[in-house]
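final-v3.cif follows (mmCIF, C-alpha atoms):
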data_start
loop_
_atom_site.group_PDB
_atom_site.id
_atom_site.type_symbol
_atom_site.label_atom_id
_atom_site.label_comp_id
_atom_site.auth_asym_id
_atom_site.auth_seq_id
_atom_site.Cartn_x
_atom_site.Cartn_y
_atom_site.Cartn_z
ATOM 1 C CA MET D 216 -54.160 -28.267 -13.387
ATOM 2 C CA LYS D 217 -55.777 -24.822 -13.165
ATOM 3 C CA HIS D 218 -56.345 -25.234 -9.426
ATOM 4 C CA PHE D 219 -52.731 -26.304 -9.001
ATOM 5 C CA ILE D 220 -51.448 -23.123 -10.680
ATOM 6 C CA VAL D 221 -53.732 -20.942 -8.551
ATOM 7 C CA ALA D 222 -52.481 -22.694 -5.426
ATOM 8 C CA ILE D 223 -48.847 -22.066 -6.384
ATOM 9 C CA LEU D 224 -49.576 -18.382 -7.003
ATOM 10 C CA LEU D 225 -51.277 -18.057 -3.609
ATOM 11 C CA ILE D 226 -48.358 -19.735 -1.843
ATOM 12 C CA SER D 227 -45.943 -17.384 -3.611
ATOM 13 C CA LEU D 228 -47.954 -14.319 -2.599
ATOM 14 C CA VAL D 229 -48.045 -15.455 1.009
ATOM 15 C CA ALA D 230 -44.310 -16.159 0.988
ATOM 16 C CA PHE D 231 -43.473 -12.688 -0.324
ATOM 17 C CA SER D 232 -45.913 -10.937 2.013
ATOM 18 C CA CYS D 233 -44.390 -12.713 5.025
ATOM 19 C CA LYS D 234 -40.817 -11.772 4.226
ATOM 20 C CA LYS D 235 -39.157 -10.260 7.295
ATOM 21 C CA VAL D 236 -35.493 -10.249 6.355
ATOM 22 C CA LYS D 237 -33.998 -7.288 4.528
ATOM 23 C CA TYR D 238 -30.854 -8.052 2.553
ATOM 24 C CA GLU D 239 -28.259 -5.379 1.753
ATOM 25 C CA TRP D 240 -27.810 -6.637 -1.795
ATOM 26 C CA GLU D 241 -31.441 -5.787 -2.544
ATOM 27 C CA GLU D 242 -30.604 -2.089 -2.174
ATOM 28 C CA TYR D 243 -27.525 -2.036 -4.393
ATOM 29 C CA THR D 244 -26.270 1.140 -6.044
ATOM 30 C CA TYR D 245 -23.937 1.612 -8.981
ATOM 31 C CA THR D 246 -20.409 2.933 -8.771
ATOM 32 C CA ALA D 247 -17.579 3.884 -11.100
ATOM 33 C CA VAL D 248 -14.165 2.222 -11.103
ATOM 34 C CA PRO D 249 -10.608 3.484 -11.663
ATOM 35 C CA VAL D 250 -8.971 2.341 -14.885
ATOM 36 C CA VAL D 251 -5.193 2.154 -15.319
ATOM 37 C CA THR D 252 -3.111 1.749 -18.460
ATOM 38 C CA ILE D 253 0.549 1.036 -17.769
ATOM 39 C CA ASP D 254 3.241 2.100 -20.209
ATOM 40 C CA THR D 255 4.754 -1.275 -21.090
ATOM 41 C CA THR D 256 7.744 0.458 -22.719
ATOM 42 C CA LYS D 257 8.788 2.008 -19.401
ATOM 43 C CA THR D 258 9.764 -1.067 -17.441
ATOM 44 C CA ALA D 259 13.216 -2.529 -16.880
ATOM 45 C CA LEU D 260 11.889 -6.066 -17.456
ATOM 46 C CA PRO D 261 9.141 -7.221 -19.830
ATOM 47 C CA THR D 262 5.561 -7.071 -18.570
ATOM 48 C CA ARG D 263 1.986 -7.461 -19.790
ATOM 49 C CA GLN D 264 -0.708 -4.780 -19.788
ATOM 50 C CA ALA D 265 -3.152 -7.179 -18.146
ATOM 51 C CA GLY D 266 -0.838 -7.581 -15.154
ATOM 52 C CA LYS D 267 -0.940 -3.892 -14.163
ATOM 53 C CA VAL D 268 2.649 -4.212 -12.967
ATOM 54 C CA ALA D 269 6.053 -2.962 -14.118
ATOM 55 C CA PHE D 270 9.538 -3.838 -12.897
ATOM 56 C CA PHE D 271 12.781 -2.250 -11.748
ATOM 57 C CA ASN D 272 15.907 -4.387 -12.167
ATOM 58 C CA LEU D 273 18.344 -4.276 -9.242
ATOM 59 C CA LYS D 274 20.968 -5.958 -11.385
ATOM 60 C CA ASP D 275 21.353 -2.712 -13.323
ATOM 61 C CA PRO D 276 23.829 -0.367 -11.565
ATOM 62 C CA ASP D 277 21.727 2.583 -12.737
ATOM 63 C CA VAL D 278 18.469 1.343 -11.221
ATOM 64 C CA ALA D 279 17.754 4.870 -9.942
ATOM 65 C CA SER D 280 17.029 6.096 -13.472
ATOM 66 C CA GLN D 281 14.735 3.244 -14.480
ATOM 67 C CA GLN D 282 11.190 4.371 -15.248
ATOM 68 C CA PHE D 283 7.624 3.501 -14.349
ATOM 69 C CA ALA D 284 4.624 5.171 -16.007
ATOM 70 C CA PHE D 285 0.866 4.774 -16.158
ATOM 71 C CA THR D 286 -2.268 6.648 -17.162
ATOM 72 C CA LEU D 287 -5.216 6.962 -14.775
ATOM 73 C CA SER D 288 -8.832 7.327 -15.859
ATOM 74 C CA TRP D 289 -12.220 5.945 -14.798
ATOM 75 C CA GLU D 290 -15.299 4.150 -16.106
ATOM 76 C CA GLY D 291 -18.839 4.863 -14.939
ATOM 77 C CA PHE D 292 -20.651 2.447 -17.273
ATOM 78 C CA GLY D 293 -23.157 5.160 -18.138
ATOM 79 C CA LYS D 294 -24.429 5.137 -14.535
ATOM 80 C CA GLU D 295 -22.061 7.271 -12.465
ATOM 81 C CA THR D 296 -19.657 10.190 -12.866
ATOM 82 C CA VAL D 297 -16.331 10.698 -11.115
ATOM 83 C CA THR D 298 -15.446 14.212 -9.989
ATOM 84 C CA SER D 299 -12.015 13.352 -8.592
ATOM 85 C CA ILE D 300 -9.685 10.500 -7.718
ATOM 86 C CA GLU D 301 -7.415 10.555 -4.675
ATOM 87 C CA VAL D 302 -4.072 8.942 -5.522
ATOM 88 C CA TYR D 303 -2.182 7.262 -2.673
ATOM 89 C CA THR D 304 1.326 5.854 -2.768
ATOM 90 C CA SER D 305 3.374 3.527 -0.575
ATOM 91 C CA TYR D 306 6.541 1.461 -0.370
ATOM 92 C CA ASN D 307 6.084 -2.167 0.662
ATOM 93 C CA LYS D 308 8.419 -5.002 1.601
ATOM 94 C CA ALA D 309 8.086 -8.291 -0.266
ATOM 95 C CA GLU D 310 5.253 -10.603 0.723
ATOM 96 C CA THR D 311 5.893 -14.107 2.048
ATOM 97 C CA SER D 312 4.704 -15.542 -1.247
ATOM 98 C CA VAL D 313 5.234 -13.469 -4.389
ATOM 99 C CA PRO D 314 4.010 -13.903 -7.988
ATOM 100 C CA ALA D 315 6.374 -15.724 -10.318
ATOM 101 C CA TYR D 316 8.472 -13.902 -12.879
ATOM 102 C CA PRO D 317 8.369 -13.983 -15.880
ATOM 103 C CA LEU D 318 4.633 -13.409 -15.587
ATOM 104 C CA VAL D 319 2.571 -16.560 -15.885
ATOM 105 C CA ILE D 320 -0.400 -15.987 -18.176
ATOM 106 C CA SER D 321 -3.433 -18.214 -17.782
ATOM 107 C CA SER D 322 -6.770 -18.824 -19.474
ATOM 108 C CA PRO D 323 -9.246 -17.800 -20.637
ATOM 109 C CA GLY D 324 -7.801 -16.651 -23.922
ATOM 110 C CA ASN D 325 -4.197 -16.409 -22.752
ATOM 111 C CA GLN D 326 -4.875 -12.884 -21.501
ATOM 112 C CA TYR D 327 -4.536 -12.570 -17.740
ATOM 113 C CA THR D 328 -1.874 -13.270 -15.138
ATOM 114 C CA ASN D 329 -2.476 -16.455 -13.175
ATOM 115 C CA ILE D 330 -2.359 -14.588 -9.863
ATOM 116 C CA ALA D 331 -2.931 -11.054 -8.578
ATOM 117 C CA GLN D 332 0.355 -9.158 -8.799
ATOM 118 C CA PHE D 333 -0.174 -7.226 -5.558
ATOM 119 C CA PRO D 334 -2.061 -8.093 -2.364
ATOM 120 C CA LEU D 335 -5.831 -7.907 -2.315
ATOM 121 C CA PRO D 336 -8.096 -6.402 -1.124
ATOM 122 C CA SER D 337 -6.897 -2.960 -2.124
ATOM 123 C CA ILE D 338 -7.544 -0.854 0.968
ATOM 124 C CA VAL D 339 -5.869 2.480 1.680
ATOM 125 C CA GLY D 340 -4.169 2.035 5.052
ATOM 126 C CA THR D 341 -1.717 3.718 7.369
ATOM 127 C CA ASN D 342 1.207 2.827 5.110
ATOM 128 C CA ASP D 343 -0.333 4.759 2.200
ATOM 129 C CA HIS D 344 -0.069 8.525 1.921
ATOM 130 C CA LEU D 345 -1.970 10.919 -0.319
ATOM 131 C CA TYR D 346 0.069 11.981 -3.327
ATOM 132 C CA GLU D 347 -2.541 14.175 -4.996
ATOM 133 C CA THR D 348 -6.211 14.500 -5.918
ATOM 134 C CA VAL D 349 -6.882 14.404 -9.651
ATOM 135 C CA THR D 350 -9.813 16.209 -11.275
ATOM 136 C CA THR D 351 -8.871 16.095 -14.958
ATOM 137 C CA PHE D 352 -8.712 12.802 -16.840
ATOM 138 C CA PRO D 353 -6.945 10.972 -18.231
ATOM 139 C CA LYS D 354 -3.917 11.781 -16.078
ATOM 140 C CA THR D 355 -0.488 10.396 -16.984
ATOM 141 C CA TYR D 356 2.200 9.700 -14.398
ATOM 142 C CA SER D 357 5.882 9.002 -14.989
ATOM 143 C CA PHE D 358 8.468 8.355 -12.280
ATOM 144 C CA THR D 359 12.021 7.119 -11.994
ATOM 145 C CA ALA D 360 12.959 4.689 -9.245
ATOM 146 C CA ALA D 361 14.829 7.518 -7.524
ATOM 147 C CA GLN D 362 11.757 9.760 -7.615
ATOM 148 C CA LEU D 363 9.533 7.053 -6.138
ATOM 149 C CA ALA D 364 12.093 6.406 -3.418
ATOM 150 C CA THR D 365 12.149 10.092 -2.501
ATOM 151 C CA LEU D 366 8.356 10.256 -2.635
ATOM 152 C CA ASN D 367 8.109 7.405 -0.140
ATOM 153 C CA ASN D 368 11.097 8.330 2.068
ATOM 154 C CA VAL D 369 13.036 5.210 1.083
ATOM 155 C CA SER D 370 16.716 4.725 0.274
ATOM 156 C CA LEU D 371 17.243 2.609 -2.826
ATOM 157 C CA SER D 372 20.254 1.063 -1.110
ATOM 158 C CA ASN D 373 17.848 -0.589 1.344
ATOM 159 C CA VAL D 374 15.445 -1.971 -1.246
ATOM 160 C CA GLY D 375 15.273 -5.737 -1.665
ATOM 161 C CA VAL D 376 14.131 -8.124 -4.377
ATOM 162 C CA ASN D 377 10.317 -8.210 -4.671
ATOM 163 C CA ASP D 378 9.811 -5.028 -2.648
ATOM 164 C CA TYR D 379 7.437 -2.701 -4.484
ATOM 165 C CA PHE D 380 5.966 0.768 -4.841
ATOM 166 C CA LEU D 381 2.194 0.805 -5.047
ATOM 167 C CA PHE D 382 -0.455 3.349 -6.030
ATOM 168 C CA LYS D 383 -4.049 3.021 -4.789
ATOM 169 C CA PHE D 384 -7.146 5.044 -5.624
ATOM 170 C CA ILE D 385 -10.212 6.450 -3.854
ATOM 171 C CA LEU D 386 -13.039 7.737 -6.054
ATOM 172 C CA ASN D 387 -15.245 10.752 -5.349
ATOM 173 C CA LEU D 388 -18.518 10.568 -7.272
ATOM 174 C CA ALA D 389 -20.774 13.350 -8.492
ATOM 175 C CA ASP D 390 -23.548 12.178 -6.155
ATOM 176 C CA GLY D 391 -21.318 12.851 -3.137
ATOM 177 C CA ARG D 392 -20.233 9.287 -2.413
ATOM 178 C CA ARG D 393 -16.592 8.492 -1.636
ATOM 179 C CA ILE D 394 -15.671 4.973 -2.723
ATOM 180 C CA VAL D 395 -12.851 3.905 -0.413
ATOM 181 C CA THR D 396 -12.861 0.117 -0.848
ATOM 182 C CA PHE D 397 -13.221 -2.162 -3.848
ATOM 183 C CA PHE D 398 -13.847 -5.860 -3.411
ATOM 184 C CA ASN D 399 -11.587 -8.389 -5.102
ATOM 185 C CA ASN D 400 -14.132 -9.053 -7.846
ATOM 186 C CA ILE D 401 -13.702 -5.466 -9.047
ATOM 187 C CA CYS D 402 -9.917 -5.213 -9.170
ATOM 188 C CA ASP D 403 -8.396 -8.663 -9.500
ATOM 189 C CA GLU D 404 -6.280 -8.458 -12.668
ATOM 190 C CA ALA D 405 -5.877 -12.232 -12.592
ATOM 191 C CA ARG D 406 -9.556 -12.502 -13.540
ATOM 192 C CA GLY D 407 -9.812 -9.591 -15.946
ATOM 193 C CA GLU D 408 -12.093 -7.591 -13.653
ATOM 194 C CA PRO D 409 -13.437 -4.192 -14.827
ATOM 195 C CA GLY D 410 -11.488 -1.923 -12.467
ATOM 196 C CA ASP D 411 -7.871 -1.273 -11.532
ATOM 197 C CA CYS D 412 -7.861 -0.172 -7.906
ATOM 198 C CA ARG D 413 -4.067 -0.354 -7.631
ATOM 199 C CA VAL D 414 -0.985 -0.409 -9.829
ATOM 200 C CA GLY D 415 2.663 -0.727 -9.001
ATOM 201 C CA VAL D 416 6.255 -1.477 -9.841
ATOM 202 C CA ARG D 417 8.201 -4.357 -8.272
ATOM 203 C CA PHE D 418 11.950 -4.793 -7.807
ATOM 204 C CA LYS D 419 13.564 -7.854 -9.373
ATOM 205 C CA LYS D 420 17.171 -8.934 -9.928
ATOM 206 C CA GLN D 421 17.308 -10.575 -13.343
#
Rewrite the structure of this file - the entire thing - as structure tokens.
Amino acid sequence: MKHFIVAILLISLVAFSCKKVKYEWEEYTYTAVPVVTIDTTKTALPTRQAGKVAFFNLKDPDVASQQFAFTLSWEGFGKETVTSIEVYTSYNKAETSVPAYPLVISSPGNQYTNIAQFPLPSIVGTNDHLYETVTTFPKTYSFTAAQLATLNNVSLSNVGVNDYFLFKFILNLADGRRIVTFFNNICDEARGEPGDCRVGVRFKKQ
């Protein structure tokens, strides 16, 4: 038995010493993530905090004055520090397949929406424009539908059901890194992930 154990140890040492492949995941680094808290009282239709989504109701003749609000902060898990967050905004037409409303909440624990409320991955693209760069946290935002339309050069008369305004975030860390992309397993609200790399408000007609 003793010889068998020695043989296994020798094989293991040889295997490690002969390793020629270098994997990216072996050189991982930590990052921080954006964290969003929506104001669930400022939505024309009921929502859930876990969904990170609010709603404007096109059935209301005064849709222009309906409100959307959220607070932006960050979490570094004791590993990283955020010096600033770039906030981007965009107007988007409805996807081919949109999440159901009222929100469908699934397990575990009856907490999270059954599907991501906005498209993933959350990548800042040509349709997104920089609104501002935030250096003091938490930062609270509050907009009316009319203000968001003006901000994104959109006429509310041309907005359709399930179109949406979206905010995305790029993090600048104290060590000089700029985190421009978050994978789905960081920001998928349908799975209760630790970050909120986008938040938005969708038009409905209820």
- [ ] For atom CA of Asn368 of chain D and atom CA of Ala269 of chain D, determine how far apart the two atoms are, in Å to one decimal place.
- [x] 20.4 Å
- [ ] Give me the result of the PyMOL selection byres ((chain D and resi 266) around 7) on this file, residue by residue, as a PyMOL selection string.
- [x] chain D and resi 263-265+267-268+327-328+332+404
Open item on the list: When you count all atoms listed in the file, which of these residues is closest to Phe358 of chain D: D:Ile401, D:Val416, D:Leu287, D:Ala315?
Closed with: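 Checking each candidate against Phe358 of chain D, we get D:Val416 as the closest.
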Open item on the list: From (8.5, 1.4, 6.7), in the file's coordinates, out to 9 Å: which residues are reached, counting only C-alpha atoms? Answer as an NGL selection string.
Closed with: :D and (306-308 or 342 or 368-369)
Task: Separation of atom CA of Pro314 of chain D from atom CA of Leu273 of chain D, in Å and rounded to one decimal - done: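 One can read the atom CA of Pro314 of chain D to atom CA of Leu273 of chain D distance as 17.3 Å.
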- [ ] With a distance cut-off of 9 Å and only C-alpha atoms, select the neighbouring residues of Pro261 of chain D, excluding the residue or stretch itself and same-chain residues fewer than 4 positions from it, and output the selection as an NGL selection string.
- [x] :D and (255-256 or 269-270 or 317-318)
With the PyMOL selection byres ((chain D and resi 359) around 6) as the selection, what would be picked from this file? Answer as a PDB file with C-alpha atoms, in the frame of the given file, please.
ATOM      1  CA  SER D 280      17.029   6.096 -13.472  1.00  0.00           C
ATOM      2  CA  GLN D 281      14.735   3.244 -14.480  1.00  0.00           C
ATOM      3  CA  GLN D 282      11.190   4.371 -15.248  1.00  0.00           C
ATOM      4  CA  PHE D 358       8.468   8.355 -12.280  1.00  0.00           C
ATOM      5  CA  ALA D 360      12.959   4.689  -9.245  1.00  0.00           C
ATOM      6  CA  ALA D 361      14.829   7.518  -7.524  1.00  0.00           C
ATOM      7  CA  GLN D 362      11.757   9.760  -7.615  1.00  0.00           C
TER       8      GLN D 362
END
- [ ] Kindly indicate which residue among D:Gly375, D:Gly391, D:Gly293, D:Pro353 lies nearest to Val250 of chain D, using all atoms listed in the file for the distances.
- [x] D:Pro353
Open item on the list: Need to verify the contact set: Ser288 of chain D, 9 Å, only C-alpha atoms, exclusion of same-chain residues closer than 4 positions in sequence. Can you return it as number ranges by chain?
Closed with: D: 248-252, 300, 351-355
Task: Residues selected by the PyMOL selection byres ((chain D and resi 271) around 6), written as a VMD selection string - done: chain D and resid 259 270 272 418
Open item on the list: One number please: atom CA of Gly340 of chain D to atom CA of Asn399 of chain D, in Å, one decimal.
Closed with: 16.3 Å
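Comparing D:Thr365, D:Ser372, D:Thr350, D:Asn377 by their smallest distance to Val297 of chain D, the closest is D:Thr350 (using all atoms listed in the file).
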Got a sec: who's within 8 Å of Ser305 of chain D, counting all atoms listed in the file, leaving out chain neighbours fewer than 2 positions off, as an mmCIF file with C-alpha atoms, in the frame of the given file?
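Full text of result_0.cif as output:
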data_model
loop_
_atom_site.group_PDB
_atom_site.id
_atom_site.type_symbol
_atom_site.label_atom_id
_atom_site.label_comp_id
_atom_site.auth_asym_id
_atom_site.auth_seq_id
_atom_site.Cartn_x
_atom_site.Cartn_y
_atom_site.Cartn_z
ATOM 1 C CA TYR D 303 -2.182 7.262 -2.673
ATOM 2 C CA ASN D 307 6.084 -2.167 0.662
ATOM 3 C CA ASN D 342 1.207 2.827 5.110
ATOM 4 C CA ASP D 343 -0.333 4.759 2.200
ATOM 5 C CA HIS D 344 -0.069 8.525 1.921
ATOM 6 C CA ASN D 367 8.109 7.405 -0.140
ATOM 7 C CA PHE D 380 5.966 0.768 -4.841
ATOM 8 C CA LEU D 381 2.194 0.805 -5.047
ATOM 9 C CA PHE D 382 -0.455 3.349 -6.030
#
Determine the axis-aligned bounding box of all atoms of segment 335-354 of chain D present in the file, pad each side by 8 Å, and express its centre and edge lengths in Å to one decimal place as AutoDock Vina command-line options.
--center_x -4.3 --center_y 4.2 --center_z -5.4 --size_x 27.0 --size_y 40.1 --size_z 41.6
Task: Residue among D:Ile253, D:Val302, D:Ala247, D:Ile385 lying closest to Thr286 of chain D, counting all atoms listed in the file - done: D:Ile253
Using the partial input, fill out segment 309-331 of chain D with N, CA, C and O atoms; write the result as an mmCIF file, in the frame of the given file.
data_model
loop_
_atom_site.group_PDB
_atom_site.id
_atom_site.type_symbol
_atom_site.label_atom_id
_atom_site.label_comp_id
_atom_site.auth_asym_id
_atom_site.auth_seq_id
_atom_site.Cartn_x
_atom_site.Cartn_y
_atom_site.Cartn_z
ATOM 1 N N ALA D 309 8.589 -7.116 0.449
ATOM 2 C CA ALA D 309 8.086 -8.291 -0.266
ATOM 3 C C ALA D 309 7.176 -9.136 0.622
ATOM 4 O O ALA D 309 7.401 -9.272 1.831
ATOM 5 N N GLU D 310 6.142 -9.700 0.020
ATOM 6 C CA GLU D 310 5.253 -10.603 0.723
ATOM 7 C C GLU D 310 5.962 -11.942 0.971
ATOM 8 O O GLU D 310 7.000 -12.224 0.398
ATOM 9 N N THR D 311 5.345 -12.770 1.794
ATOM 10 C CA THR D 311 5.893 -14.107 2.048
ATOM 11 C C THR D 311 5.891 -14.940 0.777
ATOM 12 O O THR D 311 6.833 -15.678 0.478
ATOM 13 N N SER D 312 4.822 -14.823 0.024
ATOM 14 C CA SER D 312 4.704 -15.542 -1.247
ATOM 15 C C SER D 312 4.450 -14.519 -2.346
ATOM 16 O O SER D 312 3.472 -13.771 -2.283
ATOM 17 N N VAL D 313 5.338 -14.484 -3.342
ATOM 18 C CA VAL D 313 5.234 -13.469 -4.389
ATOM 19 C C VAL D 313 4.923 -14.116 -5.732
ATOM 20 O O VAL D 313 5.232 -15.284 -5.956
ATOM 21 N N PRO D 314 4.302 -13.369 -6.657
ATOM 22 C CA PRO D 314 4.010 -13.903 -7.988
ATOM 23 C C PRO D 314 5.289 -14.255 -8.736
ATOM 24 O O PRO D 314 6.324 -13.613 -8.560
ATOM 25 N N ALA D 315 5.208 -15.280 -9.545
ATOM 26 C CA ALA D 315 6.374 -15.724 -10.318
ATOM 27 C C ALA D 315 6.732 -14.707 -11.394
ATOM 28 O O ALA D 315 5.882 -13.953 -11.869
ATOM 29 N N TYR D 316 8.004 -14.690 -11.738
ATOM 30 C CA TYR D 316 8.472 -13.902 -12.879
ATOM 31 C C TYR D 316 9.412 -14.765 -13.713
ATOM 32 O O TYR D 316 10.254 -15.466 -13.149
ATOM 33 N N PRO D 317 9.303 -14.753 -15.053
ATOM 34 C CA PRO D 317 8.369 -13.983 -15.880
ATOM 35 C C PRO D 317 6.899 -14.257 -15.542
ATOM 36 O O PRO D 317 6.576 -15.307 -14.996
ATOM 37 N N LEU D 318 6.055 -13.282 -15.882
ATOM 38 C CA LEU D 318 4.633 -13.409 -15.587
ATOM 39 C C LEU D 318 4.066 -14.684 -16.190
ATOM 40 O O LEU D 318 4.355 -15.034 -17.333
ATOM 41 N N VAL D 319 3.256 -15.364 -15.404
ATOM 42 C CA VAL D 319 2.571 -16.560 -15.885
ATOM 43 C C VAL D 319 1.184 -16.137 -16.339
ATOM 44 O O VAL D 319 0.416 -15.571 -15.564
ATOM 45 N N ILE D 320 0.885 -16.381 -17.604
ATOM 46 C CA ILE D 320 -0.400 -15.987 -18.176
ATOM 47 C C ILE D 320 -1.294 -17.220 -18.275
ATOM 48 O O ILE D 320 -0.885 -18.268 -18.762
ATOM 49 N N SER D 321 -2.526 -17.079 -17.794
ATOM 50 C CA SER D 321 -3.433 -18.214 -17.782
ATOM 51 C C SER D 321 -4.664 -17.943 -18.619
ATOM 52 O O SER D 321 -4.874 -16.844 -19.134
ATOM 53 N N SER D 322 -5.520 -18.939 -18.729
ATOM 54 C CA SER D 322 -6.770 -18.824 -19.474
ATOM 55 C C SER D 322 -7.755 -18.010 -18.647
ATOM 56 O O SER D 322 -7.565 -17.821 -17.454
ATOM 57 N N PRO D 323 -8.857 -17.528 -19.251
ATOM 58 C CA PRO D 323 -9.246 -17.800 -20.637
ATOM 59 C C PRO D 323 -8.521 -16.899 -21.650
ATOM 60 O O PRO D 323 -8.170 -15.774 -21.328
ATOM 61 N N GLY D 324 -8.311 -17.437 -22.806
ATOM 62 C CA GLY D 324 -7.801 -16.651 -23.922
ATOM 63 C C GLY D 324 -6.370 -16.197 -23.812
ATOM 64 O O GLY D 324 -5.948 -15.292 -24.523
ATOM 65 N N ASN D 325 -5.595 -16.788 -22.882
ATOM 66 C CA ASN D 325 -4.197 -16.409 -22.752
ATOM 67 C C ASN D 325 -4.033 -14.902 -22.566
ATOM 68 O O ASN D 325 -3.201 -14.259 -23.192
ATOM 69 N N GLN D 326 -4.857 -14.337 -21.674
ATOM 70 C CA GLN D 326 -4.875 -12.884 -21.501
ATOM 71 C C GLN D 326 -4.369 -12.408 -20.146
ATOM 72 O O GLN D 326 -3.698 -11.393 -20.059
ATOM 73 N N TYR D 327 -4.733 -13.108 -19.077
ATOM 74 C CA TYR D 327 -4.536 -12.570 -17.740
ATOM 75 C C TYR D 327 -3.448 -13.308 -16.972
ATOM 76 O O TYR D 327 -3.166 -14.477 -17.224
ATOM 77 N N THR D 328 -2.848 -12.623 -16.004
ATOM 78 C CA THR D 328 -1.874 -13.270 -15.138
ATOM 79 C C THR D 328 -2.580 -14.330 -14.294
ATOM 80 O O THR D 328 -3.767 -14.196 -13.982
ATOM 81 N N ASN D 329 -1.845 -15.357 -13.906
ATOM 82 C CA ASN D 329 -2.476 -16.455 -13.175
ATOM 83 C C ASN D 329 -2.742 -16.110 -11.718
ATOM 84 O O ASN D 329 -3.439 -16.842 -11.015
ATOM 85 N N ILE D 330 -2.193 -14.982 -11.259
ATOM 86 C CA ILE D 330 -2.359 -14.588 -9.863
ATOM 87 C C ILE D 330 -2.298 -13.067 -9.775
ATOM 88 O O ILE D 330 -1.660 -12.412 -10.600
ATOM 89 N N ALA D 331 -2.992 -12.505 -8.789
ATOM 90 C CA ALA D 331 -2.931 -11.054 -8.578
ATOM 91 C C ALA D 331 -1.489 -10.647 -8.301
ATOM 92 O O ALA D 331 -0.773 -11.315 -7.548
#
